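As provided, model-v5.cif (mmCIF, N, CA and C atoms) reads as follows.
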```
data_structure
#
loop_
_atom_site.label_atom_id
_atom_site.label_comp_id
_atom_site.auth_asym_id
_atom_site.auth_seq_id
_atom_site.Cartn_x
_atom_site.Cartn_y
_atom_site.Cartn_z
N MET L 20 -15.78 -10.38 -1.85
CA MET L 20 -16.45 -9.15 -2.19
C MET L 20 -15.91 -8.04 -1.31
N ALA L 21 -15.55 -6.94 -1.94
CA ALA L 21 -15.01 -5.80 -1.21
C ALA L 21 -16.15 -4.98 -0.61
N PHE L 22 -15.91 -4.46 0.57
CA PHE L 22 -16.90 -3.62 1.23
C PHE L 22 -16.73 -2.16 0.85
N THR L 23 -15.58 -1.81 0.28
CA THR L 23 -15.30 -0.44 -0.11
C THR L 23 -15.21 -0.35 -1.61
N THR L 24 -15.78 0.68 -2.19
CA THR L 24 -15.63 0.93 -3.61
C THR L 24 -14.54 1.97 -3.79
N ILE L 25 -13.48 1.59 -4.46
CA ILE L 25 -12.36 2.49 -4.68
C ILE L 25 -12.67 3.38 -5.87
N LYS L 26 -12.62 4.70 -5.67
CA LYS L 26 -12.94 5.65 -6.72
C LYS L 26 -11.70 6.08 -7.51
N THR L 27 -10.51 5.83 -6.98
CA THR L 27 -9.26 6.17 -7.67
C THR L 27 -8.58 4.86 -8.09
N ASN L 28 -7.43 4.98 -8.76
CA ASN L 28 -6.73 3.74 -9.09
C ASN L 28 -6.10 3.16 -7.83
N GLN L 29 -5.72 1.91 -7.89
CA GLN L 29 -5.27 1.20 -6.69
C GLN L 29 -3.99 1.79 -6.10
N LYS L 30 -3.06 2.22 -6.94
CA LYS L 30 -1.81 2.77 -6.41
C LYS L 30 -2.05 4.08 -5.67
N THR L 31 -2.90 4.94 -6.22
CA THR L 31 -3.23 6.20 -5.55
C THR L 31 -3.93 5.91 -4.23
N PHE L 32 -4.87 4.99 -4.26
CA PHE L 32 -5.59 4.63 -3.04
C PHE L 32 -4.64 4.09 -1.98
N LEU L 33 -3.76 3.17 -2.35
CA LEU L 33 -2.84 2.58 -1.39
C LEU L 33 -1.86 3.60 -0.84
N GLU L 34 -1.39 4.52 -1.70
CA GLU L 34 -0.49 5.56 -1.21
C GLU L 34 -1.19 6.42 -0.16
N ASN L 35 -2.41 6.83 -0.44
CA ASN L 35 -3.16 7.65 0.52
C ASN L 35 -3.49 6.88 1.80
N TYR L 36 -3.81 5.61 1.67
CA TYR L 36 -4.23 4.80 2.82
C TYR L 36 -3.05 4.41 3.71
N LEU L 37 -1.90 4.10 3.12
CA LEU L 37 -0.78 3.57 3.90
C LEU L 37 0.34 4.57 4.20
N ARG L 38 0.58 5.52 3.32
CA ARG L 38 1.78 6.35 3.44
C ARG L 38 1.75 7.23 4.67
N GLY L 39 2.71 6.97 5.55
CA GLY L 39 2.90 7.78 6.74
C GLY L 39 1.86 7.62 7.82
N THR L 40 0.97 6.65 7.69
CA THR L 40 -0.10 6.49 8.68
C THR L 40 0.21 5.43 9.72
N GLY L 41 1.20 4.58 9.45
CA GLY L 41 1.51 3.50 10.37
C GLY L 41 0.62 2.28 10.16
N LYS L 42 -0.31 2.38 9.21
CA LYS L 42 -1.19 1.25 8.91
C LYS L 42 -0.43 0.23 8.07
N THR L 43 -0.83 -1.04 8.19
CA THR L 43 -0.27 -2.09 7.36
C THR L 43 -1.40 -2.92 6.77
N LEU L 44 -1.10 -3.62 5.68
CA LEU L 44 -2.08 -4.47 5.02
C LEU L 44 -1.43 -5.78 4.60
N THR L 45 -2.13 -6.88 4.79
CA THR L 45 -1.72 -8.14 4.19
C THR L 45 -2.52 -8.29 2.90
N ALA L 46 -2.11 -9.23 2.06
CA ALA L 46 -2.82 -9.47 0.81
C ALA L 46 -4.26 -9.89 1.07
N ALA L 47 -4.47 -10.71 2.10
CA ALA L 47 -5.82 -11.15 2.42
C ALA L 47 -6.69 -9.99 2.89
N ASP L 48 -6.13 -9.09 3.70
CA ASP L 48 -6.87 -7.91 4.16
C ASP L 48 -7.24 -7.00 2.98
N ALA L 49 -6.26 -6.77 2.10
CA ALA L 49 -6.50 -5.90 0.94
C ALA L 49 -7.60 -6.47 0.04
N ASN L 50 -7.60 -7.77 -0.13
CA ASN L 50 -8.61 -8.40 -0.97
C ASN L 50 -9.98 -8.35 -0.30
N ALA L 51 -10.05 -8.67 0.98
CA ALA L 51 -11.33 -8.71 1.69
C ALA L 51 -11.93 -7.31 1.88
N ARG L 52 -11.09 -6.33 2.21
CA ARG L 52 -11.61 -5.00 2.53
C ARG L 52 -11.78 -4.09 1.33
N PHE L 53 -10.87 -4.21 0.35
CA PHE L 53 -10.86 -3.24 -0.75
C PHE L 53 -10.94 -3.87 -2.14
N GLY L 54 -10.91 -5.19 -2.24
CA GLY L 54 -11.00 -5.86 -3.53
C GLY L 54 -9.70 -5.82 -4.32
N ILE L 55 -8.59 -5.54 -3.66
CA ILE L 55 -7.29 -5.52 -4.34
C ILE L 55 -6.73 -6.93 -4.29
N GLN L 56 -6.59 -7.55 -5.47
CA GLN L 56 -6.20 -8.95 -5.51
C GLN L 56 -4.70 -9.18 -5.59
N LYS L 57 -3.94 -8.27 -6.14
CA LYS L 57 -2.49 -8.47 -6.30
C LYS L 57 -1.73 -7.37 -5.56
N LEU L 58 -1.82 -7.42 -4.24
CA LEU L 58 -1.18 -6.40 -3.41
C LEU L 58 0.33 -6.40 -3.59
N ALA L 59 0.95 -7.56 -3.68
CA ALA L 59 2.41 -7.62 -3.84
C ALA L 59 2.85 -6.93 -5.12
N ALA L 60 2.09 -7.07 -6.19
CA ALA L 60 2.42 -6.40 -7.45
C ALA L 60 2.30 -4.89 -7.31
N ARG L 61 1.22 -4.41 -6.65
CA ARG L 61 1.07 -2.97 -6.45
C ARG L 61 2.21 -2.42 -5.59
N MET L 62 2.62 -3.14 -4.56
CA MET L 62 3.70 -2.68 -3.69
C MET L 62 5.02 -2.66 -4.44
N SER L 63 5.23 -3.62 -5.33
CA SER L 63 6.44 -3.64 -6.15
C SER L 63 6.48 -2.42 -7.07
N GLU L 64 5.35 -2.07 -7.65
CA GLU L 64 5.26 -0.88 -8.50
C GLU L 64 5.53 0.38 -7.69
N MET L 65 5.03 0.43 -6.47
CA MET L 65 5.24 1.61 -5.62
C MET L 65 6.71 1.73 -5.22
N LYS L 66 7.33 0.60 -4.95
CA LYS L 66 8.75 0.60 -4.61
C LYS L 66 9.57 1.07 -5.81
N ALA L 67 9.22 0.61 -7.01
CA ALA L 67 9.92 1.03 -8.23
C ALA L 67 9.74 2.52 -8.48
N ALA L 68 8.63 3.10 -8.03
CA ALA L 68 8.36 4.52 -8.21
C ALA L 68 9.11 5.38 -7.19
N GLY L 69 9.76 4.75 -6.21
CA GLY L 69 10.58 5.50 -5.26
C GLY L 69 10.03 5.60 -3.85
N LEU L 70 8.92 4.93 -3.54
CA LEU L 70 8.39 4.97 -2.18
C LEU L 70 9.12 3.95 -1.32
N ASN L 71 9.22 4.24 -0.02
CA ASN L 71 9.83 3.32 0.94
C ASN L 71 8.77 2.35 1.42
N VAL L 72 8.72 1.19 0.79
CA VAL L 72 7.75 0.16 1.15
C VAL L 72 8.38 -0.71 2.22
N LYS L 73 7.71 -0.82 3.35
CA LYS L 73 8.19 -1.62 4.47
C LYS L 73 7.44 -2.95 4.51
N THR L 74 8.15 -4.03 4.72
CA THR L 74 7.51 -5.33 4.86
C THR L 74 7.85 -5.91 6.22
N SER L 75 6.91 -6.62 6.77
CA SER L 75 7.12 -7.34 8.02
C SER L 75 6.22 -8.57 8.00
N THR L 76 6.35 -9.39 9.01
CA THR L 76 5.56 -10.61 9.06
C THR L 76 4.48 -10.47 10.12
N ALA L 77 3.25 -10.76 9.73
CA ALA L 77 2.11 -10.74 10.66
C ALA L 77 2.18 -11.97 11.54
N SER L 78 1.39 -11.98 12.60
CA SER L 78 1.36 -13.12 13.52
C SER L 78 0.88 -14.40 12.84
N THR L 79 0.19 -14.26 11.71
CA THR L 79 -0.29 -15.41 10.96
C THR L 79 0.78 -15.98 10.03
N GLY L 80 1.92 -15.31 9.95
CA GLY L 80 3.00 -15.74 9.08
C GLY L 80 2.95 -15.11 7.70
N LYS L 81 1.95 -14.30 7.43
CA LYS L 81 1.81 -13.64 6.12
C LYS L 81 2.58 -12.33 6.11
N VAL L 82 2.96 -11.89 4.93
CA VAL L 82 3.68 -10.62 4.77
C VAL L 82 2.69 -9.49 4.86
N LYS L 83 3.06 -8.44 5.62
CA LYS L 83 2.23 -7.23 5.66
C LYS L 83 3.08 -6.06 5.19
N TYR L 84 2.42 -5.14 4.51
CA TYR L 84 3.09 -4.02 3.86
C TYR L 84 2.67 -2.70 4.49
N GLY L 85 3.60 -1.78 4.55
CA GLY L 85 3.35 -0.41 4.98
C GLY L 85 4.22 0.51 4.14
N ILE L 86 3.95 1.81 4.20
CA ILE L 86 4.74 2.78 3.44
C ILE L 86 5.13 3.91 4.38
N SER L 87 6.42 4.24 4.41
CA SER L 87 6.87 5.33 5.26
C SER L 87 6.44 6.67 4.66
N ALA L 88 6.46 7.71 5.48
CA ALA L 88 5.98 9.02 5.06
C ALA L 88 6.86 9.64 3.98
N ARG L 89 8.15 9.38 4.04
CA ARG L 89 9.08 9.97 3.07
C ARG L 89 9.50 8.94 2.03
N ASP L 90 9.72 9.42 0.80
CA ASP L 90 10.19 8.52 -0.24
C ASP L 90 11.71 8.36 -0.14
N VAL L 91 12.33 7.68 -1.09
CA VAL L 91 13.76 7.42 -1.02
C VAL L 91 14.61 8.69 -1.11
N ASN L 92 14.04 9.78 -1.62
CA ASN L 92 14.75 11.05 -1.71
C ASN L 92 14.45 11.97 -0.53
N GLY L 93 13.61 11.53 0.41
CA GLY L 93 13.28 12.33 1.58
C GLY L 93 12.08 13.24 1.40
N SER L 94 11.39 13.14 0.28
CA SER L 94 10.26 14.00 -0.01
C SER L 94 8.96 13.40 0.54
N ARG L 95 8.04 14.26 0.95
CA ARG L 95 6.71 13.83 1.38
C ARG L 95 5.67 14.06 0.29
N ALA L 96 6.10 14.52 -0.88
CA ALA L 96 5.17 14.81 -1.97
C ALA L 96 4.54 13.52 -2.48
N LYS L 97 3.31 13.65 -2.96
CA LYS L 97 2.60 12.49 -3.51
C LYS L 97 3.29 12.02 -4.79
N VAL L 98 3.36 10.72 -4.95
CA VAL L 98 3.95 10.14 -6.15
C VAL L 98 2.85 9.85 -7.16
N PHE L 99 1.73 9.31 -6.70
CA PHE L 99 0.61 8.97 -7.57
C PHE L 99 -0.51 9.97 -7.33
N ALA L 100 -0.80 10.75 -8.34
CA ALA L 100 -1.90 11.73 -8.23
C ALA L 100 -3.19 11.13 -8.75
N SER L 101 -4.32 11.59 -8.21
CA SER L 101 -5.60 11.04 -8.67
C SER L 101 -5.95 11.49 -10.04
#
```

If you convert what's in this file into structure tokens, what do you get?
Amino acid sequence: MAFTTIKTNQKTFLENYLRGTGKTLTAADANARFGIQKLAARMSEMKAAGLNVKTSTASTGKVKYGISARDVNGSRAKVFAS
């Protein structure tokens, strides 16, 4: 059960939550905190849209995702609007 109710679509929410903030999320964190069940799919869609999706490995061995402030073209403009 998610503790947060997302009022926008998941891609817009994730872009606002992760882009340029230095925050990262694992799939388990996204599911527990926000109810997002397919984080890898959302990150793949964001990468296809031109965002710089960063992946690294958490201490638990799981993949964690972050998004840099600039997209592949160097722009800071929002890709997903609410």

**One-decimal distance in Å that lies between atom CA of Glu64 of chain L and atom CA of Ala49 of chain L** = 15.9 Å

**Message:** If the PyMOL selection byres (((chain L and resi 48 and name CA) around 12) and name CA) were run on this exact file, what residues would it hold? Put them as a PyMOL selection string.
**Reply:** chain L and resi 20-22+42-47+49-58+77+81-84

**Message:** Would you pick out the contacts of Gly39 of chain L at 8 Å or less, using all atoms listed in the file, so that residues sharing its chain but fewer than 4 positions from it are not included, and give the list as an MDAnalysis selection string?
**Reply:** chainID L and resid 34:35 85:89

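When the PyMOL selection byres ((chain L and resi 29-32) around 6.5) is run on the displayed coordinates, the residues it returns are Thr27, Asn28, Leu33, Glu34, Asn35, Tyr36, Leu37, Arg61, Phe99, Ala100 and Ser101 of chain L.
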
Anything within 7 Å of (7.6, 7.6, -3.4): list those residues as a compact mmCIF listing (two decimals) with N, CA and C atoms, in the coordinates of the input, counting only N, CA and C atoms and sticking to the file's coordinates.
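What landed in point-v6.txt:
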```
# COMPACT_ATOMS: atom_id res chain seq x y z
N MET L 65 5.03 0.43 -6.47
CA MET L 65 5.24 1.61 -5.62
C MET L 65 6.71 1.73 -5.22
N ALA L 68 8.63 3.10 -8.03
CA ALA L 68 8.36 4.52 -8.21
C ALA L 68 9.11 5.38 -7.19
N GLY L 69 9.76 4.75 -6.21
CA GLY L 69 10.58 5.50 -5.26
C GLY L 69 10.03 5.60 -3.85
N LEU L 70 8.92 4.93 -3.54
CA LEU L 70 8.39 4.97 -2.18
C LEU L 70 9.12 3.95 -1.32
N ASN L 71 9.22 4.24 -0.02
CA ASN L 71 9.83 3.32 0.94
C ASN L 71 8.77 2.35 1.42
N ARG L 89 8.15 9.38 4.04
CA ARG L 89 9.08 9.97 3.07
C ARG L 89 9.50 8.94 2.03
N ASP L 90 9.72 9.42 0.80
CA ASP L 90 10.19 8.52 -0.24
C ASP L 90 11.71 8.36 -0.14
N VAL L 91 12.33 7.68 -1.09
CA VAL L 91 13.76 7.42 -1.02
C VAL L 91 14.61 8.69 -1.11
N ALA L 96 6.10 14.52 -0.88
CA ALA L 96 5.17 14.81 -1.97
C ALA L 96 4.54 13.52 -2.48
N LYS L 97 3.31 13.65 -2.96
CA LYS L 97 2.60 12.49 -3.51
C LYS L 97 3.29 12.02 -4.79
N VAL L 98 3.36 10.72 -4.95
CA VAL L 98 3.95 10.14 -6.15
C VAL L 98 2.85 9.85 -7.16
N PHE L 99 1.73 9.31 -6.70
CA PHE L 99 0.61 8.97 -7.57
C PHE L 99 -0.51 9.97 -7.33
```

**Request:** Return as a PyMOL selection string the full set of residues in chain L whose backbone-based DSSP assignment is helix (DSSP H, G or I).
**Result:** chain L and resi 29-37+46-53+58-67

Dump N, CA and C atoms for the selected residues as an mmCIF file, in the frame of the given file?
```
data_model
loop_
_atom_site.group_PDB
_atom_site.id
_atom_site.type_symbol
_atom_site.label_atom_id
_atom_site.label_comp_id
_atom_site.auth_asym_id
_atom_site.auth_seq_id
_atom_site.Cartn_x
_atom_site.Cartn_y
_atom_site.Cartn_z
ATOM 1 N N GLN L 29 -5.720 1.910 -7.890
ATOM 2 C CA GLN L 29 -5.270 1.200 -6.690
ATOM 3 C C GLN L 29 -3.990 1.790 -6.100
ATOM 4 N N LYS L 30 -3.060 2.220 -6.940
ATOM 5 C CA LYS L 30 -1.810 2.770 -6.410
ATOM 6 C C LYS L 30 -2.050 4.080 -5.670
ATOM 7 N N THR L 31 -2.900 4.940 -6.220
ATOM 8 C CA THR L 31 -3.230 6.200 -5.550
ATOM 9 C C THR L 31 -3.930 5.910 -4.230
ATOM 10 N N PHE L 32 -4.870 4.990 -4.260
ATOM 11 C CA PHE L 32 -5.590 4.630 -3.040
ATOM 12 C C PHE L 32 -4.640 4.090 -1.980
ATOM 13 N N LEU L 33 -3.760 3.170 -2.350
ATOM 14 C CA LEU L 33 -2.840 2.580 -1.390
ATOM 15 C C LEU L 33 -1.860 3.600 -0.840
ATOM 16 N N GLU L 34 -1.390 4.520 -1.700
ATOM 17 C CA GLU L 34 -0.490 5.560 -1.210
ATOM 18 C C GLU L 34 -1.190 6.420 -0.160
ATOM 19 N N ASN L 35 -2.410 6.830 -0.440
ATOM 20 C CA ASN L 35 -3.160 7.650 0.520
ATOM 21 C C ASN L 35 -3.490 6.880 1.800
ATOM 22 N N TYR L 36 -3.810 5.610 1.670
ATOM 23 C CA TYR L 36 -4.230 4.800 2.820
ATOM 24 C C TYR L 36 -3.050 4.410 3.710
ATOM 25 N N LEU L 37 -1.900 4.100 3.120
ATOM 26 C CA LEU L 37 -0.780 3.570 3.900
ATOM 27 C C LEU L 37 0.340 4.570 4.200
ATOM 28 N N ALA L 46 -2.110 -9.230 2.060
ATOM 29 C CA ALA L 46 -2.820 -9.470 0.810
ATOM 30 C C ALA L 46 -4.260 -9.890 1.070
ATOM 31 N N ALA L 47 -4.470 -10.710 2.100
ATOM 32 C CA ALA L 47 -5.820 -11.150 2.420
ATOM 33 C C ALA L 47 -6.690 -9.990 2.890
ATOM 34 N N ASP L 48 -6.130 -9.090 3.700
ATOM 35 C CA ASP L 48 -6.870 -7.910 4.160
ATOM 36 C C ASP L 48 -7.240 -7.000 2.980
ATOM 37 N N ALA L 49 -6.260 -6.770 2.100
ATOM 38 C CA ALA L 49 -6.500 -5.900 0.940
ATOM 39 C C ALA L 49 -7.600 -6.470 0.040
ATOM 40 N N ASN L 50 -7.600 -7.770 -0.130
ATOM 41 C CA ASN L 50 -8.610 -8.400 -0.970
ATOM 42 C C ASN L 50 -9.980 -8.350 -0.300
ATOM 43 N N ALA L 51 -10.050 -8.670 0.980
ATOM 44 C CA ALA L 51 -11.330 -8.710 1.690
ATOM 45 C C ALA L 51 -11.930 -7.310 1.880
ATOM 46 N N ARG L 52 -11.090 -6.330 2.210
ATOM 47 C CA ARG L 52 -11.610 -5.000 2.530
ATOM 48 C C ARG L 52 -11.780 -4.090 1.330
ATOM 49 N N PHE L 53 -10.870 -4.210 0.350
ATOM 50 C CA PHE L 53 -10.860 -3.240 -0.750
ATOM 51 C C PHE L 53 -10.940 -3.870 -2.140
ATOM 52 N N LEU L 58 -1.820 -7.420 -4.240
ATOM 53 C CA LEU L 58 -1.180 -6.400 -3.410
ATOM 54 C C LEU L 58 0.330 -6.400 -3.590
ATOM 55 N N ALA L 59 0.950 -7.560 -3.680
ATOM 56 C CA ALA L 59 2.410 -7.620 -3.840
ATOM 57 C C ALA L 59 2.850 -6.930 -5.120
ATOM 58 N N ALA L 60 2.090 -7.070 -6.190
ATOM 59 C CA ALA L 60 2.420 -6.400 -7.450
ATOM 60 C C ALA L 60 2.300 -4.890 -7.310
ATOM 61 N N ARG L 61 1.220 -4.410 -6.650
ATOM 62 C CA ARG L 61 1.070 -2.970 -6.450
ATOM 63 C C ARG L 61 2.210 -2.420 -5.590
ATOM 64 N N MET L 62 2.620 -3.140 -4.560
ATOM 65 C CA MET L 62 3.700 -2.680 -3.690
ATOM 66 C C MET L 62 5.020 -2.660 -4.440
ATOM 67 N N SER L 63 5.230 -3.620 -5.330
ATOM 68 C CA SER L 63 6.440 -3.640 -6.150
ATOM 69 C C SER L 63 6.480 -2.420 -7.070
ATOM 70 N N GLU L 64 5.350 -2.070 -7.650
ATOM 71 C CA GLU L 64 5.260 -0.880 -8.500
ATOM 72 C C GLU L 64 5.530 0.380 -7.690
ATOM 73 N N MET L 65 5.030 0.430 -6.470
ATOM 74 C CA MET L 65 5.240 1.610 -5.620
ATOM 75 C C MET L 65 6.710 1.730 -5.220
ATOM 76 N N LYS L 66 7.330 0.600 -4.950
ATOM 77 C CA LYS L 66 8.750 0.600 -4.610
ATOM 78 C C LYS L 66 9.570 1.070 -5.810
ATOM 79 N N ALA L 67 9.220 0.610 -7.010
ATOM 80 C CA ALA L 67 9.920 1.030 -8.230
ATOM 81 C C ALA L 67 9.740 2.520 -8.480
#
```

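With atom N of Lys73 of chain L on one side and atom C of Thr40 of chain L on the other, the separation reads 11.7 Å.
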
**Sel. of strand (DSSP E) residues, segment 36-95 of chain L, as JSON, numbers by chain** = {"L": [44, 45, 72, 73, 74, 75, 76, 82, 83, 84, 85, 86]}
